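What's in coords_38.cif: mmCIF, C-alpha atoms and all ligand atoms
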data_start
#
loop_
_atom_site.label_atom_id
_atom_site.label_comp_id
_atom_site.auth_asym_id
_atom_site.auth_seq_id
_atom_site.Cartn_x
_atom_site.Cartn_y
_atom_site.Cartn_z
CA MET A 877 -47.64 -2.65 6.77
CA PHE A 878 -48.50 0.96 7.55
CA ILE A 879 -49.02 1.58 11.28
CA LYS A 880 -50.77 4.84 12.11
CA ARG A 881 -49.09 7.01 14.73
CA THR A 882 -51.88 6.49 17.24
CA ASN A 883 -51.82 4.84 20.62
CA ALA A 884 -53.47 1.80 19.06
CA GLY A 885 -50.82 1.74 16.34
CA ARG A 886 -48.02 2.06 18.88
CA ALA A 887 -49.52 -0.75 20.92
CA ALA A 888 -49.69 -2.94 17.82
CA ALA A 889 -46.04 -2.22 17.04
CA LEU A 890 -44.99 -3.01 20.60
CA ALA A 891 -46.98 -6.23 20.47
CA ILE A 892 -45.12 -7.32 17.35
CA LEU A 893 -41.75 -6.51 18.98
CA GLY A 894 -42.81 -8.40 22.10
CA LEU A 895 -43.74 -11.40 20.00
CA LEU A 896 -40.37 -11.30 18.24
CA SER A 897 -38.40 -11.19 21.47
CA ALA A 898 -40.63 -13.85 23.04
CA THR A 899 -39.91 -16.19 20.13
CA GLY A 900 -36.21 -15.24 20.20
CA VAL A 901 -36.32 -13.98 16.60
CA ALA A 902 -34.21 -10.84 16.37
CA PRO A 903 -34.57 -8.58 13.32
CA ALA A 904 -31.90 -9.74 10.84
CA GLN A 905 -28.80 -7.53 10.88
CA GLU A 906 -27.64 -6.00 7.65
CA PRO A 907 -24.15 -7.06 6.57
CA LEU A 908 -21.30 -4.61 7.12
CA LYS A 909 -20.30 -3.26 3.73
CA ILE A 910 -16.73 -2.49 2.70
CA GLY A 911 -15.96 -0.65 -0.54
CA LEU A 912 -12.70 -1.89 -2.09
CA ILE A 913 -11.39 0.49 -4.77
CA LEU A 914 -8.54 -0.79 -7.01
CA PRO A 915 -7.29 -0.55 -10.63
CA TYR A 916 -8.68 -3.99 -11.54
CA SER A 917 -8.29 -3.28 -15.27
CA GLY A 918 -5.60 -1.56 -17.31
CA PRO A 919 -1.81 -1.56 -17.04
CA PHE A 920 -1.74 -1.89 -13.23
CA ALA A 921 -4.22 -4.78 -12.99
CA ASP A 922 -1.50 -7.16 -11.74
CA LEU A 923 -1.01 -4.94 -8.71
CA ALA A 924 -4.76 -4.77 -8.11
CA ALA A 925 -4.76 -8.58 -8.21
CA GLN A 926 -1.96 -8.68 -5.61
CA MET A 927 -4.03 -6.46 -3.32
CA ASP A 928 -7.27 -8.32 -3.98
CA TYR A 929 -5.48 -11.58 -3.19
CA GLY A 930 -4.15 -10.08 0.05
CA VAL A 931 -7.75 -9.24 1.02
CA GLN A 932 -9.01 -12.67 0.02
CA VAL A 933 -6.33 -14.53 1.95
CA TYR A 934 -7.19 -12.60 5.11
CA VAL A 935 -10.92 -13.31 4.70
CA LYS A 936 -10.26 -16.97 3.99
CA GLN A 937 -8.17 -17.28 7.15
CA HIS A 938 -10.58 -15.37 9.41
CA GLY A 939 -13.99 -16.00 7.89
CA ASP A 940 -16.54 -13.49 6.61
CA ILE A 941 -18.46 -13.09 9.87
CA VAL A 942 -16.89 -10.75 12.41
CA ALA A 943 -18.45 -10.20 15.84
CA GLY A 944 -21.67 -11.69 14.47
CA ARG A 945 -21.80 -9.44 11.38
CA LYS A 946 -21.44 -10.71 7.85
CA ILE A 947 -18.82 -8.80 5.87
CA GLU A 948 -19.72 -7.88 2.31
CA ILE A 949 -16.96 -6.54 0.06
CA LEU A 950 -18.02 -4.34 -2.88
CA LYS A 951 -15.23 -4.14 -5.46
CA ARG A 952 -14.87 -1.17 -7.80
CA ASP A 953 -12.42 -0.60 -10.68
CA THR A 954 -10.64 2.72 -11.33
CA GLY A 955 -8.79 1.38 -14.39
CA GLY A 956 -5.54 3.04 -13.18
CA PRO A 957 -4.60 6.39 -11.67
CA ASN A 958 -7.90 8.17 -12.44
CA PRO A 959 -8.85 10.60 -9.64
CA ASP A 960 -12.20 11.60 -11.15
CA ILE A 961 -13.31 7.98 -11.44
CA ALA A 962 -12.01 7.16 -7.95
CA LYS A 963 -13.98 10.07 -6.49
CA ARG A 964 -17.19 9.08 -8.28
CA LEU A 965 -16.83 5.44 -7.22
CA ALA A 966 -16.33 6.46 -3.58
CA GLN A 967 -19.39 8.71 -3.73
CA GLU A 968 -21.54 5.95 -5.25
CA LEU A 969 -20.32 3.38 -2.75
CA ILE A 970 -21.22 5.68 0.12
CA VAL A 971 -24.48 7.21 -1.11
CA ARG A 972 -26.03 4.41 -3.17
CA ASP A 973 -24.49 1.25 -1.75
CA LYS A 974 -24.30 2.56 1.82
CA VAL A 975 -20.86 1.15 2.60
CA ASP A 976 -19.55 1.49 6.15
CA LEU A 977 -15.91 1.93 5.16
CA ILE A 978 -13.74 2.58 2.10
CA THR A 979 -10.45 0.78 1.48
CA GLY A 980 -7.95 -0.30 -1.18
CA VAL A 981 -6.47 2.42 -3.41
CA LEU A 982 -3.15 1.80 -5.10
CA PHE A 983 -2.50 5.31 -6.41
CA THR A 984 -1.88 8.59 -4.62
CA PRO A 985 -4.03 10.75 -6.95
CA ASN A 986 -6.98 8.41 -6.33
CA ALA A 987 -6.51 8.58 -2.54
CA MET A 988 -6.31 12.39 -2.69
CA ALA A 989 -9.57 12.52 -4.67
CA ILE A 990 -11.38 10.23 -2.22
CA ALA A 991 -10.20 12.09 0.92
CA PRO A 992 -12.76 14.94 0.83
CA VAL A 993 -15.56 12.46 0.07
CA VAL A 994 -14.90 10.40 3.22
CA THR A 995 -14.49 13.55 5.32
CA GLU A 996 -17.88 14.86 4.26
CA ALA A 997 -19.62 11.50 4.66
CA LYS A 998 -17.72 10.63 7.87
CA LYS A 999 -16.59 7.20 6.70
CA PRO A 1000 -13.33 5.51 7.73
CA PHE A 1001 -10.85 5.15 4.86
CA VAL A 1002 -8.17 2.47 5.31
CA ILE A 1003 -5.40 2.99 2.76
CA MET A 1004 -3.75 -0.24 1.65
CA ASN A 1005 -1.11 1.25 -0.65
CA ALA A 1006 -1.10 4.91 -1.82
CA ALA A 1007 2.15 6.16 -0.30
CA THR A 1008 2.68 9.92 -0.69
CA SER A 1009 3.28 11.42 2.74
CA VAL A 1010 0.64 14.18 2.58
CA ILE A 1011 -2.37 11.88 2.01
CA THR A 1012 -3.21 11.25 5.68
CA THR A 1013 -3.37 15.01 6.33
CA ARG A 1014 -6.22 15.30 3.82
CA SER A 1015 -8.85 13.68 6.05
CA PRO A 1016 -9.17 12.83 9.75
CA TYR A 1017 -10.87 9.59 8.63
CA ILE A 1018 -7.78 8.16 6.88
CA VAL A 1019 -5.55 5.49 8.42
CA ARG A 1020 -2.70 4.09 6.31
CA LEU A 1021 -1.42 0.50 6.55
CA SER A 1022 1.11 0.55 3.72
CA PHE A 1023 4.12 2.87 3.96
CA THR A 1024 5.24 6.31 2.92
CA LEU A 1025 8.03 6.97 0.46
CA PRO A 1026 9.90 9.35 2.84
CA GLN A 1027 9.74 6.59 5.49
CA VAL A 1028 11.20 3.99 3.12
CA VAL A 1029 13.87 5.97 1.26
CA SER A 1030 15.37 8.04 4.10
CA PRO A 1031 17.26 5.07 5.60
CA LEU A 1032 18.58 4.22 2.12
CA GLY A 1033 20.01 7.73 1.67
CA GLY A 1034 22.11 7.39 4.81
CA TRP A 1035 23.09 3.81 4.02
CA ALA A 1036 24.25 4.65 0.46
CA ALA A 1037 26.50 7.54 1.54
CA LYS A 1038 28.13 5.37 4.20
CA ASN A 1039 28.66 2.45 1.84
CA GLY A 1040 30.82 3.79 -0.94
CA ILE A 1041 28.13 5.48 -3.06
CA LYS A 1042 29.24 9.10 -3.38
CA LYS A 1043 27.55 10.38 -6.55
CA VAL A 1044 23.92 9.65 -7.34
CA TYR A 1045 21.60 10.52 -10.20
CA THR A 1046 17.91 10.39 -9.25
CA LEU A 1047 15.19 9.12 -11.60
CA VAL A 1048 11.63 9.25 -10.29
CA SER A 1049 8.08 9.13 -11.54
CA ASP A 1050 6.70 12.65 -11.90
CA TYR A 1051 3.93 12.61 -9.30
CA GLY A 1052 3.49 12.57 -5.51
CA PRO A 1053 5.41 9.44 -4.47
CA GLY A 1054 8.20 10.19 -6.96
CA HIS A 1055 8.59 13.76 -5.67
CA ASP A 1056 8.59 12.52 -2.05
CA SER A 1057 11.22 9.90 -2.91
CA GLU A 1058 13.49 12.35 -4.69
CA ILE A 1059 13.28 14.98 -1.94
CA PHE A 1060 13.74 12.63 1.02
CA PHE A 1061 16.42 10.42 -0.54
CA LYS A 1062 18.37 13.54 -1.49
CA LYS A 1063 18.03 15.00 2.02
CA ALA A 1064 19.29 11.88 3.81
CA PHE A 1065 22.00 11.19 1.23
CA THR A 1066 23.47 14.71 1.11
CA GLU A 1067 23.27 15.09 4.92
CA ALA A 1068 25.41 11.94 5.15
CA GLY A 1069 27.97 13.39 2.71
CA GLY A 1070 26.68 12.19 -0.69
CA GLN A 1071 26.35 14.32 -3.82
CA ILE A 1072 23.46 14.47 -6.31
CA VAL A 1073 24.90 14.82 -9.83
CA GLY A 1074 21.65 14.98 -11.78
CA GLU A 1075 17.95 14.31 -11.55
CA VAL A 1076 15.01 13.59 -13.81
CA ARG A 1077 11.28 13.15 -13.31
CA VAL A 1078 9.66 10.85 -15.87
CA PRO A 1079 5.96 10.71 -16.81
CA LEU A 1080 3.78 8.41 -14.69
CA ARG A 1081 2.98 6.26 -17.72
CA ASN A 1082 6.48 6.40 -19.22
CA PRO A 1083 6.91 3.58 -21.77
CA ASP A 1084 10.62 3.90 -22.69
CA PHE A 1085 13.65 4.60 -20.52
CA THR A 1086 16.36 4.44 -23.19
CA PRO A 1087 16.97 8.21 -23.57
CA TYR A 1088 17.22 8.66 -19.79
CA VAL A 1089 19.56 5.71 -19.41
CA GLN A 1090 21.82 7.04 -22.19
CA ARG A 1091 22.08 10.44 -20.51
CA ILE A 1092 22.85 8.87 -17.13
CA LYS A 1093 25.54 6.65 -18.66
CA ASP A 1094 27.31 9.74 -20.00
CA ILE A 1095 27.25 11.40 -16.56
CA LYS A 1096 28.74 8.28 -14.88
CA PRO A 1097 27.31 8.46 -11.33
CA ASP A 1098 28.13 5.72 -8.82
CA ALA A 1099 24.45 4.82 -8.69
CA VAL A 1100 20.99 5.75 -9.97
CA PHE A 1101 18.35 6.15 -7.29
CA VAL A 1102 14.94 5.09 -8.64
CA PHE A 1103 11.32 5.42 -7.66
CA LEU A 1104 8.87 3.98 -10.17
CA PRO A 1105 5.46 2.54 -9.31
CA SER A 1106 5.65 -1.23 -8.85
CA GLY A 1107 4.93 -3.45 -11.82
CA GLU A 1108 6.14 -3.23 -15.40
CA GLN A 1109 8.13 0.02 -15.41
CA PRO A 1110 10.98 -1.19 -13.17
CA VAL A 1111 11.31 -4.23 -15.46
CA THR A 1112 11.53 -1.97 -18.54
CA LEU A 1113 14.10 0.28 -16.84
CA LEU A 1114 16.30 -2.67 -15.92
CA LYS A 1115 16.15 -3.98 -19.50
CA SER A 1116 17.30 -0.59 -20.84
CA ALA A 1117 20.06 -0.45 -18.22
CA VAL A 1118 21.34 -3.81 -19.48
CA GLU A 1119 20.95 -2.97 -23.18
CA LYS A 1120 22.71 0.39 -22.89
CA GLY A 1121 25.56 -1.05 -20.81
CA LEU A 1122 24.78 1.02 -17.71
CA LEU A 1123 25.28 -1.93 -15.38
CA ALA A 1124 28.34 -3.13 -17.32
CA ASP A 1125 29.88 0.31 -16.69
CA GLY A 1126 29.55 -0.35 -12.94
CA ILE A 1127 26.68 2.13 -12.42
CA ARG A 1128 24.46 0.60 -9.76
CA LEU A 1129 20.69 0.76 -9.37
CA ILE A 1130 19.28 1.54 -5.94
CA GLY A 1131 15.76 2.53 -4.95
CA SER A 1132 12.62 2.04 -2.93
CA GLY A 1133 11.32 -1.53 -2.63
CA ASP A 1134 8.96 -0.88 -5.55
CA LEU A 1135 12.01 -1.28 -7.86
CA THR A 1136 12.48 -5.00 -7.15
CA GLU A 1137 9.04 -5.94 -5.81
CA ASP A 1138 8.42 -9.62 -5.41
CA GLY A 1139 5.64 -9.85 -8.00
CA VAL A 1140 8.03 -9.13 -10.90
CA LEU A 1141 11.47 -9.88 -9.44
CA GLU A 1142 11.79 -13.38 -10.90
CA GLY A 1143 10.96 -12.00 -14.36
CA MET A 1144 13.80 -9.47 -14.07
CA GLY A 1145 16.32 -12.30 -14.11
CA ASP A 1146 20.02 -12.15 -13.24
CA PRO A 1147 20.51 -8.44 -14.09
CA ALA A 1148 18.59 -7.72 -10.86
CA LEU A 1149 21.28 -9.45 -8.78
CA GLY A 1150 22.97 -7.01 -6.42
CA VAL A 1151 20.32 -4.27 -6.69
CA ILE A 1152 19.99 -2.57 -3.29
CA THR A 1153 16.62 -1.29 -2.15
CA SER A 1154 14.95 -0.21 1.07
CA GLY A 1155 11.51 -1.48 1.91
CA HIS A 1156 9.04 -2.63 4.52
CA TYR A 1157 8.20 -6.05 3.06
CA SER A 1158 10.20 -8.86 1.51
CA TYR A 1159 8.89 -12.28 0.54
CA ALA A 1160 12.20 -13.50 2.01
CA HIS A 1161 11.54 -11.89 5.43
CA GLU A 1162 12.29 -14.58 7.98
CA SER A 1163 9.56 -14.85 10.61
CA PRO A 1164 6.84 -17.34 11.58
CA GLU A 1165 4.18 -14.74 10.64
CA ASN A 1166 5.59 -14.35 7.13
CA ALA A 1167 5.95 -18.10 6.66
CA ALA A 1168 2.27 -18.55 7.63
CA PHE A 1169 1.19 -15.69 5.34
CA ILE A 1170 3.08 -17.09 2.35
CA LYS A 1171 1.75 -20.57 3.00
CA ALA A 1172 -1.84 -19.29 3.08
CA PHE A 1173 -1.30 -17.09 0.00
CA GLU A 1174 0.20 -19.93 -2.02
CA ALA A 1175 -2.47 -22.38 -0.90
CA THR A 1176 -5.23 -19.95 -1.95
CA PHE A 1177 -3.58 -18.98 -5.24
CA PRO A 1178 -1.35 -21.91 -6.29
CA ASN A 1179 -0.85 -20.38 -9.75
CA GLY A 1180 -0.76 -16.81 -8.52
CA PRO A 1181 2.15 -14.41 -8.19
CA ARG A 1182 4.54 -14.28 -5.28
CA PRO A 1183 2.98 -11.91 -2.70
CA ASN A 1184 4.57 -8.46 -2.82
CA LEU A 1185 4.54 -5.21 -0.85
CA THR A 1186 1.06 -4.28 -2.10
CA ALA A 1187 -0.38 -7.67 -1.06
CA ILE A 1188 0.92 -7.16 2.47
CA GLY A 1189 -0.64 -3.68 2.65
CA ALA A 1190 -3.99 -5.20 1.71
CA TYR A 1191 -3.64 -8.10 4.13
CA ASP A 1192 -2.79 -5.81 7.05
CA GLY A 1193 -5.52 -3.40 5.95
CA MET A 1194 -8.09 -6.17 6.32
CA ALA A 1195 -6.59 -7.09 9.69
CA VAL A 1196 -7.22 -3.60 11.08
CA ILE A 1197 -10.75 -3.50 9.64
CA TYR A 1198 -11.56 -6.81 11.36
CA ALA A 1199 -9.93 -5.62 14.61
CA ALA A 1200 -12.01 -2.40 14.56
CA ILE A 1201 -15.25 -4.33 14.00
CA LYS A 1202 -14.44 -6.70 16.87
CA ALA A 1203 -13.54 -3.79 19.18
CA GLN A 1204 -17.00 -2.28 18.50
CA ASN A 1205 -18.88 -5.57 18.87
CA GLY A 1206 -19.96 -5.70 15.26
CA LYS A 1207 -20.18 -1.99 14.41
CA LEU A 1208 -18.06 0.35 12.32
CA ASP A 1209 -18.72 3.80 13.72
CA ALA A 1210 -16.35 6.22 11.98
CA ASP A 1211 -15.02 8.12 15.00
CA GLN A 1212 -14.73 5.00 17.14
CA THR A 1213 -12.94 3.18 14.33
CA ILE A 1214 -10.36 5.93 13.96
CA ASP A 1215 -9.89 6.27 17.76
CA PHE A 1216 -9.38 2.52 18.02
CA LEU A 1217 -6.95 2.36 15.10
CA LYS A 1218 -4.82 5.13 16.58
CA THR A 1219 -3.82 2.61 19.27
CA TYR A 1220 -3.37 -0.35 16.89
CA LYS A 1221 -0.25 -2.51 17.30
CA ALA A 1222 0.42 -5.92 15.75
CA MET A 1223 2.99 -8.36 14.48
CA SER A 1224 2.57 -8.34 10.71
CA PRO A 1225 4.25 -10.73 8.26
CA ARG A 1226 6.50 -7.73 7.48
CA GLY A 1227 7.55 -7.25 11.15
CA PRO A 1228 6.14 -5.21 14.05
CA ILE A 1229 3.72 -2.44 13.07
CA GLU A 1230 1.75 0.25 14.87
CA ILE A 1231 -0.25 3.34 14.00
CA ASP A 1232 1.12 6.75 14.98
CA PRO A 1233 -1.83 8.44 16.75
CA GLU A 1234 -0.61 11.90 15.66
CA THR A 1235 -0.54 11.20 11.92
CA ARG A 1236 -2.61 7.98 11.54
CA ASP A 1237 0.33 6.61 9.51
CA ILE A 1238 2.06 3.32 10.02
CA VAL A 1239 5.25 3.04 12.10
CA GLN A 1240 7.37 0.07 11.06
CA THR A 1241 10.80 -1.46 10.50
CA ILE A 1242 12.51 -0.46 7.26
CA TYR A 1243 15.01 -2.97 5.87
CA ILE A 1244 17.92 -2.47 3.48
CA ARG A 1245 17.86 -5.42 1.08
CA LYS A 1246 19.99 -6.87 -1.68
CA VAL A 1247 18.74 -9.04 -4.54
CA GLU A 1248 20.31 -12.48 -4.28
CA ARG A 1249 19.53 -15.94 -5.57
CA LYS A 1250 18.51 -18.23 -2.72
CA ALA A 1251 17.29 -21.80 -3.18
CA GLY A 1252 16.96 -21.03 -6.89
CA LYS A 1253 14.77 -17.93 -6.38
CA LEU A 1254 15.62 -14.27 -6.83
CA VAL A 1255 14.74 -12.58 -3.54
CA ASN A 1256 15.27 -9.33 -1.64
CA VAL A 1257 17.52 -10.42 1.24
CA GLU A 1258 17.22 -8.07 4.22
CA PHE A 1259 20.63 -7.30 5.75
CA GLU A 1260 20.14 -4.14 7.82
CA SER A 1261 17.09 -2.89 9.67
CA TYR A 1262 15.82 0.39 11.09
CA PRO A 1263 13.11 -0.27 13.68
CA LYS A 1264 10.09 1.95 14.41
CA VAL A 1265 10.55 4.36 11.51
CA LYS A 1266 7.84 7.06 11.43
CA ASP A 1267 6.93 9.03 8.33
CA PRO A 1268 9.52 11.84 8.26
CA GLY A 1269 7.40 13.69 5.71
CA LYS A 1270 5.04 15.26 8.28
C1 LIG A 1301 1.25 5.65 -5.22
O1 LIG A 1301 0.66 6.16 -6.19
O2 LIG A 1301 1.18 6.18 -4.09
C2 LIG A 1301 2.07 4.42 -5.42
C3 LIG A 1301 1.78 3.55 -6.47
C4 LIG A 1301 2.57 2.41 -6.67
C5 LIG A 1301 3.64 2.15 -5.82
C6 LIG A 1301 3.92 3.02 -4.76
C7 LIG A 1301 3.15 4.17 -4.57
O3 LIG A 1301 4.42 1.07 -6.01
#

Show me this structure written as structure tokens.
Amino acid sequence: MFIKRTNAGRAAALAILGLLSATGVAPAQEPLKIGLILPYSGPFADLAAQMDYGVQVYVKQHGDIVAGRKIEILKRDTGGPNPDIAKRLAQELIVRDKVDLITGVLFTPNAMAIAPVVTEAKKPFVIMNAATSVITTRSPYIVRLSFTLPQVVSPLGGWAAKNGIKKVYTLVSDYGPGHDSEIFFKKAFTEAGGQIVGEVRVPLRNPDFTPYVQRIKDIKPDAVFVFLPSGEQPVTLLKSAVEKGLLADGIRLIGSGDLTEDGVLEGMGDPALGVITSGHYSYAHESPENAAFIKAFEATFPNGPRPNLTAIGAYDGMAVIYAAIKAQNGKLDADQTIDFLKTYKAMSPRGPIEIDPETRDIVQTIYIRKVERKAGKLVNVEFESYPKVKDPGK
């Protein structure tokens, strides 16, 4: 109906509004829309599934109506680390689909490409995984609920030097999180008296580790420090380490928690036993919150994978989105969301977490873990912890 901008028209409009309020019929509220960007297809689809499951478990536990608003999740597929696609998807979600918030994002290059888009559009961007330190500096609208590589590997550097590992060769994926891992492991390790005897950066989509493993075997370090993105590559590396006799020679593997993440750990088999990693989440973390999370995850996906570090990032990411909506009585204003999240504190299945208001990055306990077999399962057993670790990369 077209109402002319005349007094009569205005009166008619007011009459309609009066009628609506008299009958108690409020205009229906649009759902709140959340854009979830993940590599649903391609070689990292298993990790996207982990994160998607983390989101689904949270929604199943807490419902899809928050403070009276229906939550609608719009899922978009980047097919892998593809910054151009990630940027276009974020733009479409914001401009065409009118989402209120962007979330997800496994890969650093995708997060970096989305950052200027959310800044320009003034939309909150809750990062559930991408873990290179610099990302949160790229937009005031980013809050990260996963981890950063400097945060995770710095405690391991100190631990290794104090626990009989004197000479280390570093092998990392040649992009943001790999560079961060190499630099910050090396810093902590050498400051504590360790020595780096060689280093290599391998392509992000590296299919074969045999030549690297052979070279490392000849150099004979005490250990190889590894950062590879979670998923298939750590499994391939471990296979090569067994085949080439690296482990038989007494050369140990150590690394960030991505190396022995819970989604693939069982498939690694006995060669994974004894591998030391540092990380923020273990399936074997003993707490009532983790027991409840695992129970809900396994009930929702009885044939699914064991939840891993990316699933927990997604689960906690949803928790902060829900908390922000509740705090605003059903709204998701960008500035209010970020201001609210800067004060966020909770007990996650991984342990206590909070957001650092200066950096909008997560502050959390980092655990040193060892792969052991417990009740028939290969698990990362936490044996030392470093509480309230901030990102040292800023
Ligand atoms: C990242 O690209 O930031 C990334 C991806 C996979 C991981 C960790 C970090 O396991």

Counting all atoms listed in the file, what residues are within 6 Å of ligand LIG 1301 (chain A), given as a list in words?
Leu982, Phe983, Thr984, Ala1006, Ala1007, Thr1008, Pro1053, Pro1105, Ser1106 and Asp1134 of chain A

Using C-alpha atoms, can you export the residues from the last selection as a PDB file, in the frame of the given file?
ATOM      1  CA  LEU A 982      -3.150   1.800  -5.100  1.00  0.00           C
ATOM      2  CA  PHE A 983      -2.500   5.310  -6.410  1.00  0.00           C
ATOM      3  CA  THR A 984      -1.880   8.590  -4.620  1.00  0.00           C
ATOM      4  CA  ALA A1006      -1.100   4.910  -1.820  1.00  0.00           C
ATOM      5  CA  ALA A1007       2.150   6.160  -0.300  1.00  0.00           C
ATOM      6  CA  THR A1008       2.680   9.920  -0.690  1.00  0.00           C
ATOM      7  CA  PRO A1053       5.410   9.440  -4.470  1.00  0.00           C
ATOM      8  CA  PRO A1105       5.460   2.540  -9.310  1.00  0.00           C
ATOM      9  CA  SER A1106       5.650  -1.230  -8.850  1.00  0.00           C
ATOM     10  CA  ASP A1134       8.960  -0.880  -5.550  1.00  0.00           C
TER      11      ASP A1134
END

Would you pick out the contacts of Ile1092 in chain A at 10 Å or less, using all atoms listed in the file, so that residues sharing its chain but fewer than 2 positions from it are not included, and give the list as a PDB file with C-alpha atoms, in the frame of the given file?
ATOM      1  CA  VAL A1044      23.920   9.650  -7.340  1.00  0.00           C
ATOM      2  CA  TYR A1045      21.600  10.520 -10.200  1.00  0.00           C
ATOM      3  CA  THR A1046      17.910  10.390  -9.250  1.00  0.00           C
ATOM      4  CA  LEU A1047      15.190   9.120 -11.600  1.00  0.00           C
ATOM      5  CA  VAL A1073      24.900  14.820  -9.830  1.00  0.00           C
ATOM      6  CA  GLY A1074      21.650  14.980 -11.780  1.00  0.00           C
ATOM      7  CA  GLU A1075      17.950  14.310 -11.550  1.00  0.00           C
ATOM      8  CA  VAL A1076      15.010  13.590 -13.810  1.00  0.00           C
ATOM      9  CA  THR A1086      16.360   4.440 -23.190  1.00  0.00           C
ATOM     10  CA  PRO A1087      16.970   8.210 -23.570  1.00  0.00           C
ATOM     11  CA  TYR A1088      17.220   8.660 -19.790  1.00  0.00           C
ATOM     12  CA  VAL A1089      19.560   5.710 -19.410  1.00  0.00           C
ATOM     13  CA  GLN A1090      21.820   7.040 -22.190  1.00  0.00           C
ATOM     14  CA  ASP A1094      27.310   9.740 -20.000  1.00  0.00           C
ATOM     15  CA  ILE A1095      27.250  11.400 -16.560  1.00  0.00           C
ATOM     16  CA  LYS A1096      28.740   8.280 -14.880  1.00  0.00           C
ATOM     17  CA  PRO A1097      27.310   8.460 -11.330  1.00  0.00           C
ATOM     18  CA  ALA A1099      24.450   4.820  -8.690  1.00  0.00           C
ATOM     19  CA  VAL A1100      20.990   5.750  -9.970  1.00  0.00           C
ATOM     20  CA  ALA A1117      20.060  -0.450 -18.220  1.00  0.00           C
ATOM     21  CA  LEU A1122      24.780   1.020 -17.710  1.00  0.00           C
ATOM     22  CA  ILE A1127      26.680   2.130 -12.420  1.00  0.00           C
TER      23      ILE A1127
END

Long-range neighbours of range 1209-1214 of chain A as a list in words, 8 Å cut-off, only C-alpha atoms, 5 positions minimum in chain
Asp976, Lys998, Lys999, Pro1000, Tyr1017, Ile1018, Val1019, Ala1200, Ile1201 and Gln1204 of chain A

Would you compute the distance between CA of Gly944 in chain A and CA of Ser1022 in chain A? Give it in Å to one decimal.
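For CA of Gly944 in chain A relative to CA of Ser1022 in chain A, the distance reads 28.0 Å.
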
For Ala989 in chain A, list every protein, DNA or RNA residue within 9 Å, evaluated using only C-alpha atoms, and leave out those in the same chain fewer than 4 positions away; present the list as a list in words.
Pro959, Asp960, Ile961, Ala962, Lys963, Thr984, Pro985 and Val993 of chain A

Using only C-alpha atoms, which of A:Leu1217, A:Leu1149, A:Ala925, A:Val1010 sits nearest Lys1253 in chain A?
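Selected residue with least distance to Lys1253 in chain A: A:Leu1149.
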
Could you check which of A:Leu969, A:Leu1135, A:Ile1242, A:Met988 is closest to Pro957 in chain A, using all atoms listed in the file?
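Distance minimum relative to Pro957 in chain A lands on A:Met988.
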
Neighbours of Met1004 in chain A within 7 Å (only C-alpha atoms; same-chain residues fewer than 2 positions away dropped), as a VMD selection string?
chain A and resid 979 to 981 1002 1006 1020 to 1022 1189 to 1190 1193

Once you have the residues from the selection above, write them out as a PDB file, in the frame of the given file, restricted to C-alpha atoms.
ATOM      1  CA  THR A 979     -10.450   0.780   1.480  1.00  0.00           C
ATOM      2  CA  GLY A 980      -7.950  -0.300  -1.180  1.00  0.00           C
ATOM      3  CA  VAL A 981      -6.470   2.420  -3.410  1.00  0.00           C
ATOM      4  CA  VAL A1002      -8.170   2.470   5.310  1.00  0.00           C
ATOM      5  CA  ALA A1006      -1.100   4.910  -1.820  1.00  0.00           C
ATOM      6  CA  ARG A1020      -2.700   4.090   6.310  1.00  0.00           C
ATOM      7  CA  LEU A1021      -1.420   0.500   6.550  1.00  0.00           C
ATOM      8  CA  SER A1022       1.110   0.550   3.720  1.00  0.00           C
ATOM      9  CA  GLY A1189      -0.640  -3.680   2.650  1.00  0.00           C
ATOM     10  CA  ALA A1190      -3.990  -5.200   1.710  1.00  0.00           C
ATOM     11  CA  GLY A1193      -5.520  -3.400   5.950  1.00  0.00           C
TER      12      GLY A1193
END

What is the distance between CA of His1161 in chain A and CA of Gly1133 in chain A, in Å to one decimal?
13.1 Å

Shell around Gly955 in chain A at 7 Å using only C-alpha atoms, local window under 5 positions removed, as an MDAnalysis selection string
chainID A and resid 915:918

Nearest to Lys1246 in chain A among A:Leu950, A:Val931, A:Ile990, A:Ile1130, with distances taken over all atoms listed in the file: which residue is it?
A:Ile1130

For CA of Glu1258 in chain A and CA of His1156 in chain A, the interatomic separation in Å (one decimal)
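Value for the CA of Glu1258 in chain A-CA of His1156 in chain A distance: 9.8 Å.
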
Select, from A:Lys1264, A:Lys1063, A:Arg1081, A:Arg972, the residue with the minimum atom-to-atom distance to Phe920 in chain A, counting only C-alpha atoms.
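Answer, going by the shortest atom-to-atom distance: A:Arg1081.
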
When you count all atoms listed in the file, which of these residues is closest to Glu1058 in chain A: A:Asp1125, A:Ser1132, A:Gln1109, A:Gly1155?
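For Glu1058 in chain A, the nearest of the given residues is A:Ser1132.
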
Among the residues A:Val933, A:Leu1254, A:Ala1222, A:Val994, the one that comes closest to Ala1175 in chain A [using only C-alpha atoms]:
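Of A:Val933, A:Leu1254, A:Ala1222, A:Val994, the one nearest Ala1175 in chain A, counting only C-alpha atoms, is A:Val933.
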
Please define a box with edges along x, y and z of the file around all atoms of range 1045-1053 of chain A given in the file, extend it by 6 Å on each side, and return its centre and edge lengths in Å to one decimal, as AutoDock Vina command-line options.
--center_x 12.5 --center_y 10.9 --center_z -8.2 --size_x 30.1 --size_y 15.5 --size_z 19.4
